[in-house]
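> Sharing final_22.txt (compact mmCIF, C-alpha atoms) below.
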# COMPACT_ATOMS: atom_id res chain seq x y z
CA MET A 1 -16.13 36.34 15.12
CA SER A 2 -13.97 38.62 12.99
CA ASP A 3 -12.86 38.09 9.39
CA ALA A 4 -9.75 36.43 10.77
CA ALA A 5 -12.07 33.66 11.93
CA LYS A 6 -12.31 32.44 8.34
CA LEU A 7 -9.58 30.52 6.65
CA ARG A 8 -9.16 30.78 2.89
CA VAL A 9 -8.06 27.39 1.64
CA ARG A 10 -6.87 26.41 -1.81
CA ALA A 11 -6.98 22.64 -2.27
CA TRP A 12 -5.63 20.74 -5.28
CA ARG A 13 -8.33 19.01 -7.35
CA GLY A 14 -7.67 16.47 -10.10
CA GLY A 15 -4.65 14.33 -10.98
CA ALA A 16 -1.33 15.41 -12.45
CA GLU A 17 -3.40 17.87 -14.45
CA GLY A 18 -5.78 19.86 -12.33
CA ARG A 19 -6.34 23.14 -10.53
CA PHE A 20 -6.69 24.60 -7.07
CA GLN A 21 -10.22 25.02 -5.73
CA GLU A 22 -10.96 27.68 -3.11
CA PHE A 23 -12.88 27.00 0.09
CA GLU A 24 -13.73 29.07 3.15
CA VAL A 25 -13.29 27.15 6.37
CA PRO A 26 -14.16 28.41 9.87
CA ARG A 27 -11.11 29.07 11.99
CA ARG A 28 -11.01 27.13 15.27
CA GLU A 29 -8.72 26.98 18.24
CA SER A 30 -5.93 24.37 18.04
CA GLN A 31 -7.08 23.52 14.51
CA THR A 32 -4.80 21.25 12.49
CA VAL A 33 -4.43 21.20 8.73
CA LEU A 34 -6.05 17.76 8.72
CA ASP A 35 -9.04 19.28 10.58
CA VAL A 36 -9.33 21.82 7.77
CA VAL A 37 -9.23 19.20 5.01
CA THR A 38 -11.72 17.03 6.91
CA HIS A 39 -14.06 20.03 7.29
CA ILE A 40 -13.98 20.57 3.53
CA GLN A 41 -14.85 16.94 2.83
CA ARG A 42 -17.55 16.63 5.50
CA HIS A 43 -19.26 19.99 4.99
CA LEU A 44 -18.29 21.60 1.68
CA ASP A 45 -17.41 18.98 -0.94
CA PRO A 46 -17.67 15.26 -0.17
CA SER A 47 -15.81 14.37 -3.37
CA LEU A 48 -12.47 15.66 -2.02
CA ALA A 49 -10.00 12.75 -1.81
CA TYR A 50 -7.37 12.68 0.93
CA ARG A 51 -5.70 10.08 3.09
CA PHE A 52 -5.40 9.73 6.84
CA ALA A 53 -5.71 7.07 9.51
CA CYS A 54 -4.48 7.60 13.07
CA ARG A 55 -4.75 11.42 13.42
CA VAL A 56 -2.08 11.35 16.15
CA GLY A 57 1.22 11.30 14.26
CA MET A 58 1.86 7.59 14.26
CA CYS A 59 0.74 6.16 10.94
CA GLY A 60 2.44 8.46 8.45
CA SER A 61 -0.45 8.54 5.97
CA CYS A 62 -1.68 12.15 6.05
CA ALA A 63 1.35 14.03 4.70
CA MET A 64 0.65 16.73 2.09
CA MET A 65 2.22 19.87 0.74
CA VAL A 66 1.04 22.71 2.98
CA ASN A 67 1.82 26.20 1.68
CA GLY A 68 4.55 24.67 -0.46
CA LYS A 69 6.21 22.51 2.19
CA PRO A 70 5.57 18.86 3.01
CA ARG A 71 4.00 18.40 6.46
CA TRP A 72 2.23 15.73 8.50
CA THR A 73 -1.12 17.42 8.48
CA CYS A 74 -2.57 15.80 11.62
CA ARG A 75 0.07 17.38 13.84
CA THR A 76 0.54 20.63 11.96
CA HIS A 77 -1.38 23.46 13.58
CA VAL A 78 -2.92 26.04 11.27
CA ASP A 79 -1.46 28.74 13.57
CA LYS A 80 2.01 27.61 12.64
CA VAL A 81 1.71 27.54 8.86
CA ALA A 82 -1.21 29.73 7.65
CA LYS A 83 0.14 33.11 6.63
CA ASP A 84 -2.62 35.77 6.64
CA GLY A 85 -5.26 33.09 7.12
CA ARG A 86 -4.39 31.46 3.79
CA LEU A 87 -3.70 27.78 3.35
CA GLU A 88 -2.74 25.89 0.21
CA VAL A 89 -2.85 22.10 0.34
CA ALA A 90 -1.59 19.83 -2.43
CA PRO A 91 -0.49 16.20 -2.82
CA LEU A 92 3.08 15.34 -1.81
CA ALA A 93 5.71 16.48 -4.30
CA ASN A 94 8.01 14.00 -6.12
CA LEU A 95 5.25 11.36 -6.27
CA PRO A 96 2.54 10.72 -8.88
CA VAL A 97 -0.87 12.14 -8.02
CA ILE A 98 -3.75 9.68 -7.77
CA ARG A 99 -6.48 12.24 -7.16
CA ASP A 100 -6.82 15.53 -5.27
CA LEU A 101 -4.60 15.30 -2.17
CA VAL A 102 -3.69 11.63 -2.54
CA ALA A 103 -0.22 10.79 -3.84
CA ASP A 104 0.81 7.36 -5.10
CA MET A 105 3.29 6.04 -2.50
CA ARG A 106 4.33 2.94 -4.48
CA GLU A 107 7.66 4.25 -5.76
CA PHE A 108 8.52 5.59 -2.30
CA PHE A 109 8.12 2.17 -0.67
CA ASP A 110 9.59 0.26 -3.63
CA LYS A 111 12.75 2.25 -3.00
CA TRP A 112 12.84 1.01 0.61
CA ALA A 113 12.96 -2.49 -0.88
CA ARG A 114 15.61 -1.47 -3.43
CA ALA A 115 17.72 -0.07 -0.56
CA ARG A 116 17.44 -3.54 1.05
CA GLY A 117 15.27 -2.18 3.81
CA GLN A 118 14.30 -5.75 4.77
CA PHE A 119 15.88 -7.27 7.87
CA ALA A 120 18.03 -10.28 6.93
CA PRO A 121 17.91 -12.68 9.86
CA THR A 122 20.95 -14.69 10.91
CA ALA A 123 19.46 -16.69 13.78
CA THR A 124 16.76 -19.34 14.04
CA ARG A 125 14.08 -19.75 16.69
CA ALA A 126 16.36 -22.30 18.35
CA ASP A 127 18.97 -19.62 19.05
CA ALA A 128 18.99 -17.43 22.12
CA PHE A 129 18.00 -13.77 21.91
CA ALA A 130 20.74 -11.54 20.58
CA LYS A 131 22.25 -9.37 23.28
CA VAL A 132 22.60 -5.82 22.02
CA GLU A 133 24.30 -3.40 24.37
CA PRO A 134 22.02 -0.32 24.51
CA GLN A 135 24.98 2.02 24.87
CA SER A 136 26.99 0.53 22.00
CA ALA A 137 27.81 2.97 19.19
CA ALA A 138 25.93 0.90 16.58
CA ARG A 139 22.79 0.58 18.72
CA ARG A 140 22.76 4.33 19.32
CA GLU A 141 23.08 5.00 15.58
CA ALA A 142 20.17 2.65 14.91
CA ASP A 143 18.13 4.27 17.70
CA ALA A 144 18.67 7.70 16.16
CA GLY A 145 16.98 6.67 12.92
CA ILE A 146 14.51 4.00 13.89
CA GLU A 147 11.41 6.09 14.69
CA CYS A 148 10.60 6.78 11.02
CA ILE A 149 6.85 6.53 10.31
CA GLY A 150 7.22 6.38 6.52
CA CYS A 151 5.26 9.56 5.85
CA ALA A 152 7.42 10.56 2.82
CA VAL A 153 7.73 14.18 3.99
CA CYS A 154 11.52 13.90 3.52
CA TYR A 155 11.05 12.37 0.07
CA ALA A 156 8.81 15.24 -1.02
CA ALA A 157 11.26 17.77 0.44
CA CYS A 158 14.33 16.34 -1.30
CA ASP A 159 15.65 18.25 -4.32
CA VAL A 160 17.89 15.33 -5.34
CA VAL A 161 14.77 13.15 -5.79
CA SER A 162 13.31 15.76 -8.12
CA TRP A 163 16.55 15.87 -10.17
CA ASN A 164 17.32 12.15 -10.18
CA PRO A 165 14.23 9.93 -10.24
CA GLN A 166 16.39 6.88 -9.48
CA TYR A 167 17.58 8.38 -6.17
CA LEU A 168 16.43 6.18 -3.30
CA GLY A 169 15.63 9.15 -1.10
CA PRO A 170 16.19 10.03 2.57
CA ALA A 171 13.74 7.60 4.19
CA ALA A 172 14.95 4.47 2.37
CA LEU A 173 18.59 5.35 3.03
CA ASN A 174 17.81 6.09 6.68
CA ARG A 175 16.16 2.69 6.95
CA ALA A 176 19.21 1.03 5.38
CA TRP A 177 21.47 2.81 7.89
CA THR A 178 19.48 1.48 10.86
CA LEU A 179 19.94 -2.06 9.49
CA VAL A 180 23.65 -1.54 8.80
CA ASN A 181 23.86 -0.84 12.53
CA ASP A 182 21.76 -3.87 13.49
CA ALA A 183 24.08 -6.47 15.00
CA ARG A 184 21.62 -9.26 14.12
CA ASP A 185 21.42 -8.47 10.42
CA GLY A 186 23.21 -10.72 7.93
CA ASP A 187 23.24 -8.71 4.70
CA LYS A 188 25.45 -5.72 5.39
CA ALA A 189 27.61 -6.12 2.26
CA GLY A 190 24.60 -6.49 -0.03
CA ARG A 191 22.88 -3.53 1.56
CA LEU A 192 25.92 -1.27 1.29
CA ARG A 193 26.20 -2.16 -2.41
CA ALA A 194 22.50 -1.38 -2.85
CA VAL A 195 22.76 2.07 -1.28
CA ALA A 196 26.02 3.19 -2.96
CA GLY A 197 26.38 5.10 -6.19
CA ASP A 198 24.30 7.47 -8.28
CA ALA A 199 20.92 6.25 -7.02
CA GLY A 200 22.14 6.01 -3.45
CA CYS A 201 23.91 7.87 -0.68
CA HIS A 202 26.60 9.36 -2.92
CA SER A 203 24.05 11.58 -4.66
CA CYS A 204 23.04 13.36 -1.44
CA HIS A 205 24.14 17.02 -1.47
CA THR A 206 23.66 17.44 2.29
CA MET A 207 21.12 20.22 1.78
CA MET A 208 19.24 18.89 4.81
CA SER A 209 15.67 19.67 3.70
CA CYS A 210 14.76 16.16 4.89
CA THR A 211 16.22 16.82 8.33
CA GLU A 212 14.61 20.24 8.60
CA LEU A 213 11.14 18.96 7.75
CA CYS A 214 11.10 15.45 9.27
CA PRO A 215 8.13 15.55 11.64
CA LYS A 216 9.79 13.01 13.91
CA ASN A 217 12.93 15.17 14.16
CA LEU A 218 15.10 12.44 12.68
CA SER A 219 18.20 13.30 10.68
CA PRO A 220 18.27 11.29 7.46
CA THR A 221 21.21 13.50 6.47
CA ARG A 222 23.20 12.05 9.35
CA SER A 223 22.23 8.51 8.35
CA ILE A 224 23.25 9.15 4.74
CA ALA A 225 26.59 10.57 5.91
CA GLY A 226 27.07 7.34 7.87
CA LEU A 227 26.36 5.33 4.72
CA LYS A 228 28.88 7.39 2.76
CA ARG A 229 31.55 6.42 5.29
CA ALA A 230 30.41 2.81 5.49
CA THR A 231 30.45 2.31 1.71
CA ARG A 232 34.19 2.93 1.45
CA GLY A 233 34.54 -0.80 0.79
CA VAL A 234 32.23 -0.54 -2.24
CA ALA A 235 34.56 2.01 -3.81
CA PHE A 236 37.90 0.42 -2.96
CA GLY A 237 37.20 -3.02 -1.50
CA GLU A 238 37.24 -6.47 -2.94
CA GLY A 239 34.92 -7.52 -5.75
CA GLU A 240 32.13 -5.70 -7.55
CA MET B 1 26.89 3.49 -14.51
CA SER B 2 28.68 1.17 -12.19
CA VAL B 3 28.12 1.65 -8.51
CA ARG B 4 31.84 1.28 -7.89
CA LEU B 5 32.75 4.07 -10.33
CA GLU B 6 30.17 6.38 -8.76
CA ALA B 7 31.47 5.66 -5.28
CA ARG B 8 35.06 6.22 -6.41
CA LEU B 9 34.20 9.51 -8.06
CA TRP B 10 32.50 10.61 -4.83
CA TRP B 11 35.67 9.84 -2.88
CA ALA B 12 37.83 11.60 -5.46
CA GLN B 13 35.56 14.64 -5.11
CA ARG B 14 35.90 14.56 -1.30
CA VAL B 15 39.66 14.09 -1.27
CA THR B 16 40.32 16.78 -3.89
CA ALA B 17 38.03 19.13 -1.93
CA ALA B 18 40.17 18.64 1.17
CA PHE B 19 43.33 19.37 -0.81
CA LEU B 20 41.72 22.39 -2.50
CA ALA B 21 40.78 23.89 0.87
CA PHE B 22 44.48 23.91 1.75
CA PHE B 23 45.69 25.02 -1.71
CA VAL B 24 43.21 27.89 -2.01
CA ALA B 25 43.95 29.15 1.50
CA VAL B 26 47.72 29.17 0.91
CA HIS B 27 47.28 30.67 -2.57
CA LEU B 28 45.08 33.53 -1.37
CA ALA B 29 47.14 34.28 1.73
CA THR B 30 50.38 34.33 -0.25
CA MET B 31 48.87 36.48 -2.99
CA ILE B 32 47.53 39.06 -0.55
CA TYR B 33 50.80 39.06 1.41
CA ALA B 34 52.89 39.54 -1.72
CA VAL B 35 50.75 42.32 -3.17
CA ARG B 36 50.47 44.20 0.13
CA GLY B 37 54.26 44.05 0.36
CA GLY B 38 54.27 46.03 -2.88
CA LEU B 39 55.89 43.43 -5.12
CA THR B 40 55.42 43.85 -8.87
CA ALA B 41 54.61 40.99 -11.23
CA ALA B 42 58.21 40.94 -12.42
CA GLU B 43 59.51 40.73 -8.87
CA ILE B 44 57.12 37.90 -8.06
CA LEU B 45 58.17 35.99 -11.19
CA ALA B 46 61.81 36.49 -10.24
CA ARG B 47 61.05 34.66 -6.99
CA THR B 48 58.96 31.85 -8.50
CA HIS B 49 61.17 31.07 -11.51
CA GLY B 50 63.09 27.90 -10.81
CA ASN B 51 61.31 27.36 -7.49
CA ALA B 52 60.51 23.64 -7.39
CA ALA B 53 58.39 23.91 -4.22
CA TRP B 54 55.95 26.38 -5.78
CA GLY B 55 56.04 24.34 -8.97
CA LEU B 56 54.96 21.22 -7.08
CA PHE B 57 52.37 23.14 -5.06
CA TYR B 58 50.65 24.59 -8.13
CA THR B 59 50.95 21.37 -10.16
CA LEU B 60 49.05 19.48 -7.43
CA PHE B 61 46.62 22.42 -7.20
CA VAL B 62 45.91 22.19 -10.93
CA PHE B 63 45.27 18.45 -10.84
CA ALA B 64 43.01 18.74 -7.78
CA ALA B 65 41.02 21.57 -9.42
CA ALA B 66 40.72 19.72 -12.75
CA ILE B 67 39.46 16.53 -11.11
CA HIS B 68 37.16 18.30 -8.64
CA GLY B 69 35.71 20.66 -11.22
CA ALA B 70 35.05 17.94 -13.77
CA ILE B 71 33.27 15.66 -11.29
CA GLY B 72 31.16 18.61 -10.17
CA LEU B 73 30.24 19.46 -13.77
CA ARG B 74 29.33 15.81 -14.35
CA THR B 75 26.86 16.01 -11.45
CA ILE B 76 25.40 19.29 -12.71
CA ALA B 77 25.03 17.81 -16.21
CA ALA B 78 23.22 14.78 -14.77
CA GLU B 79 20.94 16.60 -12.33
CA TRP B 80 20.12 19.83 -14.12
CA LEU B 81 20.39 18.82 -17.78
CA GLY B 82 19.53 15.14 -17.41
CA TRP B 83 22.70 14.36 -19.38
CA ARG B 84 24.18 11.05 -18.21
CA GLY B 85 26.07 8.11 -19.60
CA THR B 86 29.12 7.67 -21.78
CA PRO B 87 28.87 10.87 -23.89
CA ALA B 88 28.50 12.98 -20.72
CA ASN B 89 31.42 11.17 -19.09
CA ALA B 90 33.56 11.70 -22.18
CA ALA B 91 32.68 15.39 -22.25
CA VAL B 92 33.63 15.99 -18.62
CA ALA B 93 36.81 13.94 -19.06
CA LEU B 94 37.69 16.31 -21.90
CA VAL B 95 36.94 19.29 -19.64
CA ALA B 96 39.22 17.81 -16.97
CA LEU B 97 41.98 17.36 -19.54
CA LEU B 98 41.61 20.93 -20.82
CA LEU B 99 41.61 22.36 -17.29
CA ALA B 100 44.74 20.38 -16.48
CA LEU B 101 46.51 21.47 -19.67
CA LEU B 102 45.62 25.16 -19.22
CA GLY B 103 46.62 25.01 -15.58
CA LEU B 104 49.91 23.26 -16.23
CA ARG B 105 50.73 25.81 -18.96
CA ALA B 106 50.23 28.59 -16.42
CA VAL B 107 52.35 26.76 -13.83
CA ALA B 108 55.11 26.33 -16.43
CA ALA B 109 55.01 30.06 -17.21
CA VAL B 110 55.38 30.95 -13.55
CA VAL B 111 57.99 28.40 -12.55
CA ILE B 112 60.15 27.68 -15.62
CA PRO B 113 62.60 30.53 -16.17
Once more with this new file: its structure as structure tokens, please.

Amino acid sequence: MSDAAKLRVRAWRGGAEGRFQEFEVPRRESQTVLDVVTHIQRHLDPSLAYRFACRVGMCGSCAMMVNGKPRWTCRTHVDKVAKDGRLEVAPLANLPVIRDLVADMREFFDKWARARGQFAPTATRADAFAKVEPQSAARREADAGIECIGCAVCYAACDVVSWNPQYLGPAALNRAWTLVNDARDGDKAGRLRAVAGDAGCHSCHTMMSCTELCPKNLSPTRSIAGLKRATRGVAFGEGE
Amino acid sequence: MSVRLEARLWWAQRVTAAFLAFFVAVHLATMIYAVRGGLTAAEILARTHGNAAWGLFYTLFVFAAAIHGAIGLRTIAAEWLGWRGTPANAAVALVALLLALLGLRAVAAVVIP
């Protein structure tokens, strides 16, 4: 194997204060960034903290900064991101660091709650199933945003989050938009109030980093644009 | 800051942006057309003096620019300088007022004979 068969990896160690530690990891075919991090922990330094679960792009727990950009590491091939055989992995940006590559996701998910990301039911078990026309405009809008896995890649990519810590962020607003388009939901007015204003959709600058980096190819930018239109009533409608 | 105010400012920013797109396009096209035709400043002023249509056009232009610019500065102050709240709002309101006054003074000079 040539020199190119080694990967030079810099991995963040410590909390908010810390440093990058260098490792040499053997290069393998179809190797993912998560494979690299796992190799470090299993063979080079068992004290390295990182988070993963499903390894197949479903659970949304393994996202990290990879060479400066947030990625889902289990589905990110080293081929695609390692320039000159160099890899730098760090905890997700815009979130507190717990240790090494593990970010504290609390604020990220608290903001889903603040954006009223909870379904508000209107029917009881005695009612019949709601009939939702699959081709209806609202159902298609909801479909476009509903596959979010909550990995926080968009949240780490968003400049507005870094400038305005109150900003709910792309994922929470995308979630709110899917519920605004849910015919069964009973809290549209409350949700639109929750996602309007400085902390909500009106702060989005449409820079589209979230859409560019979303591993599920969703477009939170599109969802936020929908919220901006839908919140017209908050600006000019009845009551505060 | 109230959610309603923020949402209204966002709409004001959008609406003034749409108007500005039109105003700037007409302004630039007219300017280039007039200068390429070889008109001097005096000749241009002779045409604009007493012209109510241009007076209205540039008055609306000034108000759109003052509102749009001030809301934009408010956002920059909040996001880049972390300056929010009543003092920041008062400061950008003052900027909007100054922009409007300076602009209206220029419009008066061009339109009032």
> Which residues are near range 91-93 of chain B? Cut-off 7 Å, only C-alpha atoms, ignore same chain within fewer than 2 positions. Put them as a ChimeraX atom specification.
/B:70,73-74,87-89,95-97
> Closest to chain A among B:Gly50, B:Glu79, B:Val24, B:Val111, using only C-alpha atoms?
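Counting only C-alpha atoms, the residue closest to chain A is B:Glu79.
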> Using all atoms listed in the file and a cut-off of 12 Å, which residues of chain A sit close to chain B? Please list them as a PyMOL selection string.
chain A and resi 159-167+192-205+227-240
> Under the rule that only C-alpha atoms are counted, which of A:Ala183, A:Leu48, A:Leu95, A:Val36 is the nearest residue to Val9 in chain A?
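For Val9 in chain A, the nearest of the candidates is A:Val36.
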> Quick one: distance from CA of Cys210 in chain A to CA of Ala113 in chain A in Å, one decimal?
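If I compute the distance from CA of Cys210 in chain A to CA of Ala113 in chain A, I get 19.6 Å.
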> What's the 12 Å shell around range 121-138 of chain A, counting all atoms listed in the file, without same-chain residues fewer than 2 positions away, as a list of chain:residue names?
A:Gln118, A:Phe119, A:Arg140, A:Glu141, A:Ala142, A:Asp143, A:Ala144, A:Gly145, A:Trp177, A:Thr178, A:Leu179, A:Val180, A:Asn181, A:Asp182, A:Ala183, A:Arg184, A:Asp185, A:Gly186, A:Asp187, A:Lys188, A:Ser223, A:Gly226
> How would range 16-50 of chain B read, as a compact mmCIF listing (two decimals), in the coordinates of the input, once N, CA and C atoms are built in?

# COMPACT_ATOMS: atom_id res chain seq x y z
N THR B 16 39.82 15.58 -3.22
CA THR B 16 40.32 16.78 -3.89
C THR B 16 39.79 18.04 -3.21
N ALA B 17 38.57 17.97 -2.66
CA ALA B 17 38.03 19.13 -1.93
C ALA B 17 38.89 19.45 -0.72
N ALA B 18 39.33 18.42 -0.01
CA ALA B 18 40.17 18.64 1.17
C ALA B 18 41.49 19.28 0.76
N PHE B 19 42.08 18.78 -0.33
CA PHE B 19 43.33 19.37 -0.81
C PHE B 19 43.11 20.81 -1.27
N LEU B 20 41.99 21.04 -1.98
CA LEU B 20 41.72 22.39 -2.50
C LEU B 20 41.55 23.39 -1.37
N ALA B 21 40.95 22.97 -0.26
CA ALA B 21 40.78 23.89 0.87
C ALA B 21 42.14 24.41 1.30
N PHE B 22 43.11 23.52 1.37
CA PHE B 22 44.48 23.91 1.75
C PHE B 22 45.12 24.77 0.66
N PHE B 23 45.04 24.29 -0.61
CA PHE B 23 45.69 25.02 -1.71
C PHE B 23 45.15 26.44 -1.84
N VAL B 24 43.82 26.57 -1.81
CA VAL B 24 43.21 27.89 -2.01
C VAL B 24 43.60 28.83 -0.87
N ALA B 25 43.60 28.31 0.36
CA ALA B 25 43.95 29.15 1.50
C ALA B 25 45.39 29.67 1.37
N VAL B 26 46.32 28.76 1.05
CA VAL B 26 47.72 29.17 0.91
C VAL B 26 47.87 30.14 -0.26
N HIS B 27 47.21 29.83 -1.38
CA HIS B 27 47.28 30.67 -2.57
C HIS B 27 46.82 32.09 -2.27
N LEU B 28 45.63 32.21 -1.64
CA LEU B 28 45.08 33.53 -1.37
C LEU B 28 45.95 34.29 -0.37
N ALA B 29 46.35 33.61 0.70
CA ALA B 29 47.14 34.28 1.73
C ALA B 29 48.46 34.79 1.14
N THR B 30 49.10 33.93 0.34
CA THR B 30 50.38 34.33 -0.25
C THR B 30 50.21 35.50 -1.22
N MET B 31 49.14 35.43 -2.01
CA MET B 31 48.87 36.48 -2.99
C MET B 31 48.67 37.82 -2.29
N ILE B 32 47.83 37.82 -1.27
CA ILE B 32 47.53 39.06 -0.55
C ILE B 32 48.80 39.59 0.13
N TYR B 33 49.56 38.68 0.73
CA TYR B 33 50.80 39.06 1.41
C TYR B 33 51.79 39.68 0.42
N ALA B 34 51.93 39.05 -0.73
CA ALA B 34 52.89 39.54 -1.72
C ALA B 34 52.49 40.90 -2.27
N VAL B 35 51.20 41.06 -2.57
CA VAL B 35 50.75 42.32 -3.17
C VAL B 35 50.79 43.46 -2.16
N ARG B 36 50.43 43.17 -0.91
CA ARG B 36 50.47 44.20 0.13
C ARG B 36 51.91 44.64 0.41
N GLY B 37 52.86 43.70 0.22
CA GLY B 37 54.26 44.05 0.36
C GLY B 37 54.76 44.94 -0.78
N GLY B 38 53.92 45.11 -1.80
CA GLY B 38 54.27 46.03 -2.88
C GLY B 38 55.11 45.41 -3.99
N LEU B 39 55.11 44.08 -4.07
CA LEU B 39 55.89 43.43 -5.12
C LEU B 39 55.21 43.60 -6.47
N THR B 40 55.99 43.80 -7.52
CA THR B 40 55.42 43.85 -8.87
C THR B 40 55.39 42.44 -9.44
N ALA B 41 54.70 42.30 -10.58
CA ALA B 41 54.61 40.99 -11.23
C ALA B 41 56.01 40.47 -11.56
N ALA B 42 56.86 41.36 -12.04
CA ALA B 42 58.21 40.94 -12.42
C ALA B 42 58.98 40.44 -11.21
N GLU B 43 58.81 41.14 -10.09
CA GLU B 43 59.51 40.73 -8.87
C GLU B 43 59.00 39.39 -8.36
N ILE B 44 57.69 39.19 -8.48
CA ILE B 44 57.12 37.90 -8.06
C ILE B 44 57.66 36.78 -8.95
N LEU B 45 57.66 37.01 -10.27
CA LEU B 45 58.17 35.99 -11.19
C LEU B 45 59.64 35.69 -10.92
N ALA B 46 60.40 36.70 -10.56
CA ALA B 46 61.81 36.49 -10.24
C ALA B 46 61.96 35.52 -9.07
N ARG B 47 60.99 35.56 -8.15
CA ARG B 47 61.05 34.66 -6.99
C ARG B 47 60.53 33.25 -7.33
N THR B 48 59.55 33.17 -8.23
CA THR B 48 58.96 31.85 -8.50
C THR B 48 59.74 31.08 -9.55
N HIS B 49 60.42 31.77 -10.45
CA HIS B 49 61.17 31.07 -11.51
C HIS B 49 62.20 30.13 -10.89
N GLY B 50 62.13 28.89 -11.31
CA GLY B 50 63.09 27.90 -10.81
C GLY B 50 62.79 27.39 -9.43
